[in-house]
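Enquirer: Pasting in a structure now, in structure tokens, and then I'll have a few things to ask.
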Amino acid sequence: MAPSDLLRPALLAAARSPRIERTVTKIPVTRNLVDRFVAGGTEDDAVSATTSILGSGRYISIDYLGEDTTDLAQASGTVSHYLTLLSSLAQLAPASDTDGRPRSIEVSLKLSALGQFLPRDGHNVALENAHKICTAAEEAGVWVTVDAEDHTTTDSTLSIVRELRQDFPSLGTVLQAYLRRTEADCKELSGPGSRIRLCKGAYKEPASVAFQGKEAVDEAYLRCLRILMNGQGYPMVASHDPVMVDAALQQAKATGRTTDEFEIQMLYGIRDTEQLRLIGEQQHVRVYLPYGDQWYGYFMRRLAERPANLAFFLKSLTSKN
């Protein structure tokens, strides 16, 4: 077993630990690494990074960080923040963005940040809040994609996505290839007009619901990718793995897709040179750009994904600088 396979479960468990969060967030050097993955804490930071990324020819998906909200006022505050952000993004959306081509700006939503976990009426609260954001995004010329979270939220999330798609057919959603159910979800959700972001998965899941180990997850990703590329929707290939990116390009060619009919997605701060290389080859690349103060869970999942990130972090902890 690779060392990363041993570290990953521990880091993903730490992502949900309030005690470890208090410890990690108090370490001054943590911020140095966080800044590699998070665009800042404010809307101005996000807009500035967005302007730079769009100027490089890349697309963008912006995530206002936050999850697991159990307070109605906090969920409402998240909605208000997105509405203000979308007002600013409307000024940046290129006039060339039309229904016939990919939109260059997108926002990503976590339904748990919009009230999905509220004890009595979480489903309806999250649906109503997401509907408000989707309405504002449509007016701003911006796409919306609903993020995936751990497997316990999947049924509720996809149910809300189906309801929202009745009013917003271009709404995207995320499917995680390591879940055993995802091949079936890909088949169901990849119809005409759909947008599916396929990622490997970033949460600690039991073997009963998720494939374990890199090889099994890679194989599952490739199976799901083939389904999406042979489907009628718009695949969004979220991976930094060169093998997966190459497979996506080969399958797009084999299925006759033009560059306007799929895209590659990578995280802010990871493989920037490769992102620009793909742009130079006329591929569409979208950068997933998170910002906000609630960065801890996102940060720990990034450490779990790449051992090099963790090594850099541990080196920072022992540095005299």
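For the structure tokens, the naming scheme is as follows: chains receive sequential letters (A, B, ...) according to their order of presentation, residues are indexed from 1 within each chain, and ligands are indexed from 1 in presentation order.
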What are the closest atom pairs, with distances in Å to one decimal, for all residues of range 91-185 of chain A lying within 9 Å of range 275-292 of chain A? Consider only C-alpha atoms, order rows by chain and residue number, and present the result as CSV.
Expert:
residue,atom,partner,partner_atom,distance
A:Pro102,CA,A:His284,CA,8.8
A:Ser104,CA,A:Arg286,CA,7.9
A:Ile105,CA,A:Arg286,CA,8.7
A:Ser108,CA,A:Tyr288,CA,8.5
Enquirer: Any idea what's packed within 8 Å of range 163-177 of chain A, counting only C-alpha atoms, ignoring anything in its chain fewer than 3 positions away? Could you give it as a JSON list (two decimals) with N, CA, C and O atoms, in the first residue's frame?
Expert:
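result09.json, written as the output of this step:
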[["chain", "number", "residue", "atom", "x", "y", "z"],
["A", 127, "LEU", "N", -33.26, 24.16, -1.26],
["A", 127, "LEU", "CA", -33.83, 24.30, -2.60],
["A", 127, "LEU", "C", -34.20, 25.75, -2.87],
["A", 127, "LEU", "O", -33.86, 26.30, -3.94],
["A", 131, "HIS", "N", -32.37, 28.20, -5.54],
["A", 131, "HIS", "CA", -33.18, 28.79, -6.61],
["A", 131, "HIS", "C", -32.93, 30.29, -6.71],
["A", 131, "HIS", "O", -32.82, 30.84, -7.82],
["A", 134, "CYS", "N", -29.55, 30.69, -8.41],
["A", 134, "CYS", "CA", -29.62, 30.34, -9.83],
["A", 134, "CYS", "C", -30.32, 31.44, -10.63],
["A", 134, "CYS", "O", -29.92, 31.74, -11.76],
["A", 143, "TRP", "N", -22.97, 30.55, -15.11],
["A", 143, "TRP", "CA", -23.42, 29.19, -14.85],
["A", 143, "TRP", "C", -23.41, 28.89, -13.36],
["A", 143, "TRP", "O", -22.69, 29.55, -12.58],
["A", 144, "VAL", "N", -24.16, 27.86, -12.94],
["A", 144, "VAL", "CA", -24.14, 27.36, -11.57],
["A", 144, "VAL", "C", -23.93, 25.86, -11.60],
["A", 144, "VAL", "O", -24.55, 25.15, -12.41],
["A", 145, "THR", "N", -23.05, 25.37, -10.72],
["A", 145, "THR", "CA", -22.88, 23.94, -10.53],
["A", 145, "THR", "C", -23.00, 23.62, -9.05],
["A", 145, "THR", "O", -22.44, 24.32, -8.21],
["A", 146, "VAL", "N", -23.74, 22.58, -8.73],
["A", 146, "VAL", "CA", -23.92, 22.14, -7.35],
["A", 146, "VAL", "C", -22.83, 21.13, -7.01],
["A", 146, "VAL", "O", -22.69, 20.10, -7.66],
["A", 147, "ASP", "N", -22.08, 21.45, -5.97],
["A", 147, "ASP", "CA", -20.97, 20.59, -5.55],
["A", 147, "ASP", "C", -21.47, 19.32, -4.89],
["A", 147, "ASP", "O", -22.58, 19.26, -4.35],
["A", 148, "ALA", "N", -20.59, 18.30, -4.89],
["A", 148, "ALA", "CA", -20.86, 17.07, -4.15],
["A", 148, "ALA", "C", -20.21, 17.15, -2.77],
["A", 148, "ALA", "O", -19.18, 17.81, -2.59],
["A", 159, "SER", "N", -31.69, 15.08, -5.72],
["A", 159, "SER", "CA", -33.12, 15.40, -5.77],
["A", 159, "SER", "C", -33.34, 16.89, -5.96],
["A", 159, "SER", "O", -34.16, 17.32, -6.78],
["A", 160, "ILE", "N", -32.56, 17.71, -5.25],
["A", 160, "ILE", "CA", -32.65, 19.17, -5.41],
["A", 160, "ILE", "C", -32.20, 19.58, -6.80],
["A", 160, "ILE", "O", -32.81, 20.45, -7.44],
["A", 180, "ARG", "N", -19.73, 3.91, -5.48],
["A", 180, "ARG", "CA", -20.14, 2.75, -6.27],
["A", 180, "ARG", "C", -21.40, 3.04, -7.09],
["A", 180, "ARG", "O", -21.64, 2.41, -8.11],
["A", 182, "THR", "N", -22.04, 5.79, -8.76],
["A", 182, "THR", "CA", -21.88, 6.91, -9.69],
["A", 182, "THR", "C", -22.04, 6.52, -11.15],
["A", 182, "THR", "O", -22.51, 7.33, -11.96],
["A", 183, "GLU", "N", -21.67, 5.31, -11.53],
["A", 183, "GLU", "CA", -21.89, 4.92, -12.93],
["A", 183, "GLU", "C", -23.37, 5.03, -13.28],
["A", 183, "GLU", "O", -23.72, 5.55, -14.36],
["A", 185, "ASP", "N", -25.57, 6.93, -11.80],
["A", 185, "ASP", "CA", -25.93, 8.35, -11.79],
["A", 185, "ASP", "C", -25.47, 9.04, -13.07],
["A", 185, "ASP", "O", -26.18, 9.91, -13.61],
["A", 186, "CYS", "N", -24.31, 8.66, -13.58],
["A", 186, "CYS", "CA", -23.82, 9.23, -14.85],
["A", 186, "CYS", "C", -24.79, 8.91, -15.99],
["A", 186, "CYS", "O", -25.10, 9.77, -16.82],
["A", 193, "GLY", "N", -28.34, 18.62, -22.73],
["A", 193, "GLY", "CA", -28.26, 19.87, -21.98],
["A", 193, "GLY", "C", -27.62, 19.75, -20.61],
["A", 193, "GLY", "O", -27.40, 20.76, -19.94],
["A", 194, "SER", "N", -27.33, 18.54, -20.16],
["A", 194, "SER", "CA", -26.79, 18.36, -18.82],
["A", 194, "SER", "C", -25.32, 18.78, -18.75],
["A", 194, "SER", "O", -24.62, 18.79, -19.76],
["A", 195, "ARG", "N", -24.90, 19.14, -17.57],
["A", 195, "ARG", "CA", -23.48, 19.41, -17.30],
["A", 195, "ARG", "C", -23.08, 18.63, -16.06],
["A", 195, "ARG", "O", -23.65, 18.82, -14.99],
["A", 196, "ILE", "N", -22.10, 17.75, -16.22],
["A", 196, "ILE", "CA", -21.64, 16.92, -15.11],
["A", 196, "ILE", "C", -20.15, 17.15, -14.91],
["A", 196, "ILE", "O", -19.34, 16.95, -15.81],
["A", 197, "ARG", "N", -19.79, 17.58, -13.69],
["A", 197, "ARG", "CA", -18.37, 17.65, -13.31],
["A", 197, "ARG", "C", -18.01, 16.32, -12.65],
["A", 197, "ARG", "O", -18.56, 15.95, -11.62],
["A", 198, "LEU", "N", -17.10, 15.59, -13.27],
["A", 198, "LEU", "CA", -16.68, 14.29, -12.75],
["A", 198, "LEU", "C", -15.36, 14.45, -12.01],
["A", 198, "LEU", "O", -14.35, 14.86, -12.59],
["A", 199, "CYS", "N", -15.37, 14.15, -10.71],
["A", 199, "CYS", "CA", -14.13, 14.15, -9.93],
["A", 199, "CYS", "C", -13.94, 12.77, -9.31],
["A", 199, "CYS", "O", -14.84, 11.93, -9.36],
["A", 200, "LYS", "N", -12.78, 12.54, -8.74],
["A", 200, "LYS", "CA", -12.54, 11.23, -8.14],
["A", 200, "LYS", "C", -13.25, 11.09, -6.80],
["A", 200, "LYS", "O", -13.79, 10.03, -6.48],
["A", 201, "GLY", "N", -13.26, 12.15, -6.01],
["A", 201, "GLY", "CA", -13.90, 12.11, -4.68],
["A", 201, "GLY", "C", -12.94, 12.56, -3.62],
["A", 201, "GLY", "O", -11.75, 12.24, -3.65],
["A", 217, "VAL", "N", -10.15, 3.38, -7.80],
["A", 217, "VAL", "CA", -10.79, 4.67, -8.06],
["A", 217, "VAL", "C", -10.50, 5.13, -9.48],
["A", 217, "VAL", "O", -11.39, 5.64, -10.18],
["A", 220, "ALA", "N", -12.71, 3.26, -11.85],
["A", 220, "ALA", "CA", -14.08, 3.76, -11.77],
["A", 220, "ALA", "C", -14.21, 5.09, -12.51],
["A", 220, "ALA", "O", -15.21, 5.34, -13.20],
["A", 221, "TYR", "N", -13.19, 5.93, -12.37],
["A", 221, "TYR", "CA", -13.22, 7.24, -13.04],
["A", 221, "TYR", "C", -13.28, 7.06, -14.56],
["A", 221, "TYR", "O", -14.07, 7.71, -15.25],
["A", 224, "CYS", "N", -16.76, 5.92, -15.68],
["A", 224, "CYS", "CA", -17.71, 7.03, -15.65],
["A", 224, "CYS", "C", -17.43, 8.03, -16.76],
["A", 224, "CYS", "O", -18.36, 8.56, -17.39]]
Enquirer: Among the residues of range 174-227 of chain A, find those DSSP assigns to helix (DSSP H, G or I) from the backbone and print them as a VMD selection string.
Expert: chain A and resid 182 to 189 214 to 227
Enquirer: Please write the residues from the selection above to a file, keeping N, CA, C and O atoms, as an mmCIF file, in the first residue's frame.
Expert:
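Saved file out-v4.cif follows:
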data_model
loop_
_atom_site.group_PDB
_atom_site.id
_atom_site.type_symbol
_atom_site.label_atom_id
_atom_site.label_comp_id
_atom_site.auth_asym_id
_atom_site.auth_seq_id
_atom_site.Cartn_x
_atom_site.Cartn_y
_atom_site.Cartn_z
ATOM 1 N N THR A 182 -22.039 5.794 -8.757
ATOM 2 C CA THR A 182 -21.878 6.907 -9.690
ATOM 3 C C THR A 182 -22.039 6.519 -11.149
ATOM 4 O O THR A 182 -22.511 7.329 -11.957
ATOM 5 N N GLU A 183 -21.667 5.312 -11.530
ATOM 6 C CA GLU A 183 -21.889 4.924 -12.929
ATOM 7 C C GLU A 183 -23.369 5.030 -13.284
ATOM 8 O O GLU A 183 -23.721 5.548 -14.358
ATOM 9 N N ALA A 184 -24.231 4.559 -12.406
ATOM 10 C CA ALA A 184 -25.674 4.649 -12.659
ATOM 11 C C ALA A 184 -26.128 6.102 -12.688
ATOM 12 O O ALA A 184 -26.949 6.490 -13.521
ATOM 13 N N ASP A 185 -25.573 6.935 -11.799
ATOM 14 C CA ASP A 185 -25.926 8.355 -11.788
ATOM 15 C C ASP A 185 -25.472 9.042 -13.075
ATOM 16 O O ASP A 185 -26.183 9.909 -13.612
ATOM 17 N N CYS A 186 -24.314 8.662 -13.583
ATOM 18 C CA CYS A 186 -23.824 9.231 -14.848
ATOM 19 C C CYS A 186 -24.790 8.912 -15.990
ATOM 20 O O CYS A 186 -25.102 9.771 -16.820
ATOM 21 N N LYS A 187 -25.246 7.670 -16.033
ATOM 22 C CA LYS A 187 -26.177 7.268 -17.095
ATOM 23 C C LYS A 187 -27.482 8.055 -17.003
ATOM 24 O O LYS A 187 -28.042 8.477 -18.008
ATOM 25 N N GLU A 188 -27.964 8.253 -15.776
ATOM 26 C CA GLU A 188 -29.238 8.935 -15.593
ATOM 27 C C GLU A 188 -29.140 10.422 -15.891
ATOM 28 O O GLU A 188 -30.059 11.017 -16.478
ATOM 29 N N LEU A 189 -28.041 11.051 -15.512
ATOM 30 C CA LEU A 189 -27.961 12.511 -15.513
ATOM 31 C C LEU A 189 -27.238 13.102 -16.717
ATOM 32 O O LEU A 189 -27.079 14.313 -16.796
ATOM 33 N N LYS A 214 -6.118 3.752 -4.972
ATOM 34 C CA LYS A 214 -5.975 4.534 -6.198
ATOM 35 C C LYS A 214 -6.368 3.770 -7.449
ATOM 36 O O LYS A 214 -7.069 4.292 -8.325
ATOM 37 N N GLU A 215 -5.938 2.515 -7.566
ATOM 38 C CA GLU A 215 -6.201 1.755 -8.789
ATOM 39 C C GLU A 215 -7.696 1.566 -9.016
ATOM 40 O O GLU A 215 -8.211 1.781 -10.123
ATOM 41 N N ALA A 216 -8.415 1.190 -7.963
ATOM 42 C CA ALA A 216 -9.862 0.969 -8.092
ATOM 43 C C ALA A 216 -10.585 2.271 -8.416
ATOM 44 O O ALA A 216 -11.520 2.285 -9.224
ATOM 45 N N VAL A 217 -10.152 3.376 -7.798
ATOM 46 C CA VAL A 217 -10.790 4.668 -8.058
ATOM 47 C C VAL A 217 -10.502 5.126 -9.482
ATOM 48 O O VAL A 217 -11.389 5.643 -10.178
ATOM 49 N N ASP A 218 -9.260 4.940 -9.939
ATOM 50 C CA ASP A 218 -8.916 5.308 -11.316
ATOM 51 C C ASP A 218 -9.772 4.541 -12.322
ATOM 52 O O ASP A 218 -10.263 5.109 -13.308
ATOM 53 N N GLU A 219 -9.944 3.248 -12.102
ATOM 54 C CA GLU A 219 -10.748 2.436 -13.013
ATOM 55 C C GLU A 219 -12.199 2.916 -13.022
ATOM 56 O O GLU A 219 -12.841 2.984 -14.083
ATOM 57 N N ALA A 220 -12.706 3.257 -11.851
ATOM 58 C CA ALA A 220 -14.080 3.760 -11.772
ATOM 59 C C ALA A 220 -14.206 5.093 -12.505
ATOM 60 O O ALA A 220 -15.209 5.343 -13.199
ATOM 61 N N TYR A 221 -13.192 5.935 -12.366
ATOM 62 C CA TYR A 221 -13.223 7.239 -13.044
ATOM 63 C C TYR A 221 -13.283 7.057 -14.556
ATOM 64 O O TYR A 221 -14.073 7.713 -15.250
ATOM 65 N N LEU A 222 -12.476 6.150 -15.073
ATOM 66 C CA LEU A 222 -12.450 5.928 -16.518
ATOM 67 C C LEU A 222 -13.778 5.359 -17.022
ATOM 68 O O LEU A 222 -14.245 5.730 -18.103
ATOM 69 N N ARG A 223 -14.410 4.492 -16.244
ATOM 70 C CA ARG A 223 -15.715 3.957 -16.641
ATOM 71 C C ARG A 223 -16.759 5.074 -16.699
ATOM 72 O O ARG A 223 -17.551 5.159 -17.647
ATOM 73 N N CYS A 224 -16.758 5.919 -15.678
ATOM 74 C CA CYS A 224 -17.715 7.028 -15.653
ATOM 75 C C CYS A 224 -17.434 8.028 -16.764
ATOM 76 O O CYS A 224 -18.365 8.559 -17.390
ATOM 77 N N LEU A 225 -16.168 8.262 -17.038
ATOM 78 C CA LEU A 225 -15.793 9.194 -18.100
ATOM 79 C C LEU A 225 -16.309 8.726 -19.448
ATOM 80 O O LEU A 225 -16.831 9.523 -20.253
ATOM 81 N N ARG A 226 -16.198 7.422 -19.707
ATOM 82 C CA ARG A 226 -16.699 6.889 -20.977
ATOM 83 C C ARG A 226 -18.202 7.099 -21.095
ATOM 84 O O ARG A 226 -18.715 7.422 -22.178
ATOM 85 N N ILE A 227 -18.925 6.906 -20.009
ATOM 86 C CA ILE A 227 -20.382 7.106 -20.038
ATOM 87 C C ILE A 227 -20.698 8.556 -20.389
ATOM 88 O O ILE A 227 -21.562 8.834 -21.241
#
Enquirer: Looking at only C-alpha atoms, which of A:Ala75, A:Val47, A:Val161, A:Val209 is the one that sits closest to Leu89 in chain A?
Expert: A:Val47
Enquirer: With only C-alpha atoms as the atoms that count, which of A:Leu267, A:Leu118, A:Ile62, A:Val237 lies nearest to Thr50 in chain A?
Expert: A:Ile62
Enquirer: Compare A:Arg36, A:Arg103, A:His81, A:Arg257 by their minimum atom-to-atom distance to Arg58 in chain A, counting only C-alpha atoms, and give me the closest one.
Expert: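 With only C-alpha atoms as the atom set, the closest residue is A:Arg103.
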Enquirer: Any idea what's packed within 9 Å of Gln294 in chain A, counting only C-alpha atoms, ignoring anything in its chain fewer than 3 positions away? Could you give it as a PyMOL selection string?
Expert: chain A and resi 41+64-67+291+297-298
Enquirer: How about saving the chosen residues, N, CA and C atoms kept, as a PDB file, in the first residue's frame?
Expert:
ATOM      1  N   GLY A  41      -9.852  35.930   1.456  1.00  0.00           N
ATOM      2  CA  GLY A  41     -11.002  35.845   2.332  1.00  0.00           C
ATOM      3  C   GLY A  41     -12.203  36.660   1.904  1.00  0.00           C
ATOM      4  N   TYR A  64     -17.633  30.037  -2.742  1.00  0.00           N
ATOM      5  CA  TYR A  64     -17.551  30.741  -1.468  1.00  0.00           C
ATOM      6  C   TYR A  64     -17.562  29.672  -0.379  1.00  0.00           C
ATOM      7  N   LEU A  65     -16.438  29.494   0.288  1.00  0.00           N
ATOM      8  CA  LEU A  65     -16.245  28.359   1.171  1.00  0.00           C
ATOM      9  C   LEU A  65     -17.196  28.373   2.367  1.00  0.00           C
ATOM     10  N   GLY A  66     -17.672  27.181   2.690  1.00  0.00           N
ATOM     11  CA  GLY A  66     -18.577  26.972   3.814  1.00  0.00           C
ATOM     12  C   GLY A  66     -19.339  25.686   3.601  1.00  0.00           C
ATOM     13  N   GLU A  67     -19.631  24.980   4.680  1.00  0.00           N
ATOM     14  CA  GLU A  67     -20.373  23.726   4.574  1.00  0.00           C
ATOM     15  C   GLU A  67     -20.929  23.365   5.949  1.00  0.00           C
ATOM     16  N   TYR A 291     -12.712  30.749  -2.094  1.00  0.00           N
ATOM     17  CA  TYR A 291     -12.290  31.871  -1.255  1.00  0.00           C
ATOM     18  C   TYR A 291     -13.199  31.933  -0.037  1.00  0.00           C
ATOM     19  N   GLY A 297     -11.727  22.809   6.047  1.00  0.00           N
ATOM     20  CA  GLY A 297     -12.095  21.519   5.471  1.00  0.00           C
ATOM     21  C   GLY A 297     -11.566  21.354   4.057  1.00  0.00           C
ATOM     22  N   TYR A 298     -11.692  22.414   3.264  1.00  0.00           N
ATOM     23  CA  TYR A 298     -11.180  22.376   1.887  1.00  0.00           C
ATOM     24  C   TYR A 298      -9.676  22.148   1.886  1.00  0.00           C
TER      25      TYR A 298
END
Enquirer: State, in Å with one decimal place, the distance from CA of Glu106 in chain A to CA of Ala130 in chain A.
Expert: 14.0 Å
Enquirer: CA of Leu158 in chain A and CA of Gly141 in chain A are how many Å apart?
Expert: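 Going from CA of Leu158 in chain A over to CA of Gly141 in chain A covers 23.5 Å.
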Enquirer: Could you give me, as a ChimeraX atom specification, each residue of range 187-277 of chain A that DSSP assigns to strand (DSSP E or B) when run on this structure's backbone?
Expert: /A:195-199,210,234-238,263-267
Enquirer: Create the file for the chosen residues now, containing C-alpha atoms and written as an mmCIF file, in the first residue's frame.
Expert:
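part_19.cif, written as the output of this step:
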data_model
loop_
_atom_site.group_PDB
_atom_site.id
_atom_site.type_symbol
_atom_site.label_atom_id
_atom_site.label_comp_id
_atom_site.auth_asym_id
_atom_site.auth_seq_id
_atom_site.Cartn_x
_atom_site.Cartn_y
_atom_site.Cartn_z
ATOM 1 C CA ARG A 195 -23.483 19.413 -17.303
ATOM 2 C CA ILE A 196 -21.636 16.923 -15.105
ATOM 3 C CA ARG A 197 -18.373 17.646 -13.309
ATOM 4 C CA LEU A 198 -16.677 14.294 -12.746
ATOM 5 C CA CYS A 199 -14.128 14.154 -9.934
ATOM 6 C CA ALA A 210 -16.945 3.744 -2.196
ATOM 7 C CA TYR A 234 -21.390 18.502 -21.401
ATOM 8 C CA PRO A 235 -18.698 16.583 -19.459
ATOM 9 C CA MET A 236 -16.498 18.596 -17.113
ATOM 10 C CA VAL A 237 -13.394 16.536 -16.439
ATOM 11 C CA ALA A 238 -12.103 17.528 -12.996
ATOM 12 C CA GLU A 263 -13.846 20.965 -20.646
ATOM 13 C CA ILE A 264 -10.989 20.142 -18.293
ATOM 14 C CA GLN A 265 -11.149 21.468 -14.732
ATOM 15 C CA MET A 266 -8.318 21.930 -12.248
ATOM 16 C CA LEU A 267 -8.006 23.519 -8.831
#
Enquirer: My list of candidates is A:Ala202, A:Ile270, A:Leu92, A:Leu114. Which is closest to Thr70 in chain A when distances are computed with only C-alpha atoms?
Expert: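 For Thr70 in chain A, the nearest of the given residues is A:Leu114.
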Enquirer: Give me, please, the distance in Å between CA of Arg181 in chain A and CA of Lys204 in chain A, quoted to one decimal.
Expert: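 Taking CA of Arg181 in chain A and CA of Lys204 in chain A, their separation equals 15.8 Å.
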Enquirer: Of the candidates A:Ala49, A:Lys253, A:Ala207, A:Gln212, which one gets nearest to Phe37 in chain A if we count only C-alpha atoms?
Expert: A:Ala49
Enquirer: Using only C-alpha atoms, find the one residue out of A:Ser56, A:Asn124, A:Ala140, A:Thr154 that sits nearest to Leu85 in chain A.
Expert: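 Closest to Leu85 in chain A of all the choices is A:Ala140.
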